[in-house]
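All remarks here apply to the structure that follows.
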Amino acid sequence: MRIIAGDRKGAKIFAPKGRSTRPTGDRVREAAFRLIGPVDGAVVLDLFAGSGAMGLEALSRGAARAVFVESDLGACRVIERNLAKLALSGAEIICGDARRALSGGAAAGRRYDLILVDPPYEEYRQMQKTLAIYLPRLLEPGGVVVVETGSRLEPELPLALRTSRRYGSARLTVYDGVHDEESA
């Protein structure tokens with residue numbers, strides 16, 4: 001795996017060992033950032049971060065800050081290694097449960113310009129209700145949410161759908177930071 005674009009373009013990054021994480025491949029990451037557009041100065045939340053590839057890509061492309069949320073301790077260490085290797089600053093790693101991080105972030109009034117959501121494909125349905133509650137609260141007006149799921153699943157969130165596209169076994173669904181009621 002490598003960084004696709006930005007200041008660290010071409011730099012190789014580490015991936016967690018084993019099968020407990022599924023890093024977003026270069027092709028899907030590139031497609032996601034094509035759909036997102038510029039991220040200069042953005043504050044990013046990378047949920048279910050795994051290796052941190054999506055958040056690292058955002059930092060390389062000019063994001064100001066990134067918060068990585070990952071429950072696997074080994075994956076958290078990989079994110080730390082990748083941040084050190086790439087000499088990227090402006091990062092915070094929350095090594096813990098995504099539900100707790102979401103509720104804690106909402107309670108603390110945290111807001112993000114870009115939220116990247118990439119849970120294990122088989123866990124998305126269990127997480128959808130929690131995501132529907134907290135993502136609108138955490139997203140800045142005009143912000144973007146990108147959800148990666150298995151290609152057969154089309155997620156539903158109370159945000160304005162921009163697009164949903166398949167890339168092999170993955171689906172990227174992009175939402176804009178306008179609540180459904182406001183976009184009508």
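Residue names in the structure tokens use chain letters A, B, ... in the order shown, residue numbers from 1 in each chain, and ligand numbers from 1 in the order shown.
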Please identify which residues in chain A DSSP calls strand (DSSP E or B) from the backbone, and express them as a PyMOL selection string.
chain A and resi 2+12+43-47+65-70+91-95+112-117+139-150+159-167+170-179
Contact residues around Ala87 in chain A with only C-alpha atoms at 12 Å, ignoring same-chain residues under 5 positions, as a ChimeraX atom specification:
/A:7-8,11,13,56,59-60,79-82
Can you write just those residues out, C-alpha atoms, as an mmCIF file, in the first residue's frame?
```
data_model
loop_
_atom_site.group_PDB
_atom_site.id
_atom_site.type_symbol
_atom_site.label_atom_id
_atom_site.label_comp_id
_atom_site.auth_asym_id
_atom_site.auth_seq_id
_atom_site.Cartn_x
_atom_site.Cartn_y
_atom_site.Cartn_z
ATOM 1 C CA ASP A 7 3.016 15.764 -0.005
ATOM 2 C CA ARG A 8 3.724 12.086 0.733
ATOM 3 C CA ALA A 11 5.313 6.642 0.190
ATOM 4 C CA ILE A 13 2.653 2.502 4.404
ATOM 5 C CA LEU A 56 -3.143 9.427 6.092
ATOM 6 C CA LEU A 59 -3.283 14.486 5.686
ATOM 7 C CA SER A 60 -0.958 14.015 2.713
ATOM 8 C CA ILE A 79 -1.244 3.889 12.535
ATOM 9 C CA GLU A 80 1.379 5.269 14.953
ATOM 10 C CA ARG A 81 4.166 3.710 12.835
ATOM 11 C CA ASN A 82 2.689 5.143 9.635
#
```
Go through range 43-91 of chain A residue by residue and, counting only C-alpha atoms, keep those with an atom at most 10 Å from range 113-131 of chain A; for each kept residue give the shortest atom pair and its distance in Å to one decimal, ordered by chain and increasing number, as a tab-separated table.
```
residue	atom	partner	partner_atom	distance
A:Val43	CA	A:Asp113	CA	5.3
A:Val44	CA	A:Leu114	CA	4.8
A:Leu45	CA	A:Ile115	CA	4.7
A:Asp46	CA	A:Leu116	CA	4.8
A:Leu47	CA	A:Val117	CA	5.0
A:Phe48	CA	A:Pro119	CA	5.3
A:Ala49	CA	A:Asp118	CA	7.1
A:Gly50	CA	A:Asp118	CA	8.7
A:Met54	CA	A:Leu116	CA	7.3
A:Gly55	CA	A:Leu116	CA	7.8
A:Ala58	CA	A:Leu114	CA	9.1
A:Ala63	CA	A:Leu114	CA	9.3
A:Ala66	CA	A:Leu114	CA	9.2
A:Val67	CA	A:Ile115	CA	9.6
A:Phe68	CA	A:Leu116	CA	9.6
A:Val69	CA	A:Val117	CA	9.9
A:Glu70	CA	A:Pro119	CA	9.7
```
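Nearest residue to Arg171 in chain A, choosing from A:Leu35, A:Val147, A:Ile3, A:Leu157 and counting only C-alpha atoms: A:Val147.
Considering only C-alpha atoms, the residue among A:Asp40, A:Asp176, A:Glu140, A:Glu148 positioned nearest to Arg65 in chain A is A:Asp40.
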Please measure the separation of CA of Glu30 in chain A and CA of Pro155 in chain A, giving the value in Å to one decimal.
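Distance reported for this atom pair: 20.5 Å.
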Using DSSP assignments from the backbone, pull out every residue in chain A that falls under helix (DSSP H, G or I) and give it to me as a PyMOL selection string.
chain A and resi 26-36+53-60+73-86+98-107+121-138+180-183
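Between CA of Ile133 in chain A and CA of Ile36 in chain A lies a distance of 22.2 Å.
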When you look at Gly62 in chain A with a cut-off of 9 Å (counting only C-alpha atoms), what residues show up, excluding the ones that are within fewer than 6 positions of it in the same chain? I need them as a PDB file with C-alpha atoms, in the first residue's frame.
```pdb
ATOM      1  CA  GLY A   6      -0.167  15.001  -1.926  1.00  0.00           C
ATOM      2  CA  ASP A   7       3.016  15.764  -0.005  1.00  0.00           C
ATOM      3  CA  PRO A  38      -9.966  19.014  -2.203  1.00  0.00           C
ATOM      4  CA  VAL A  39      -9.389  18.514   1.522  1.00  0.00           C
ATOM      5  CA  ASP A  40      -7.069  21.481   2.216  1.00  0.00           C
ATOM      6  CA  GLY A  41      -7.393  22.537   5.846  1.00  0.00           C
ATOM      7  CA  ALA A  42     -10.053  19.908   6.614  1.00  0.00           C
TER       8      ALA A  42
END
```
Report the distance between CA of Ile93 in chain A and CA of Gly109 in chain A in Å, rounded to one decimal place.
17.8 Å
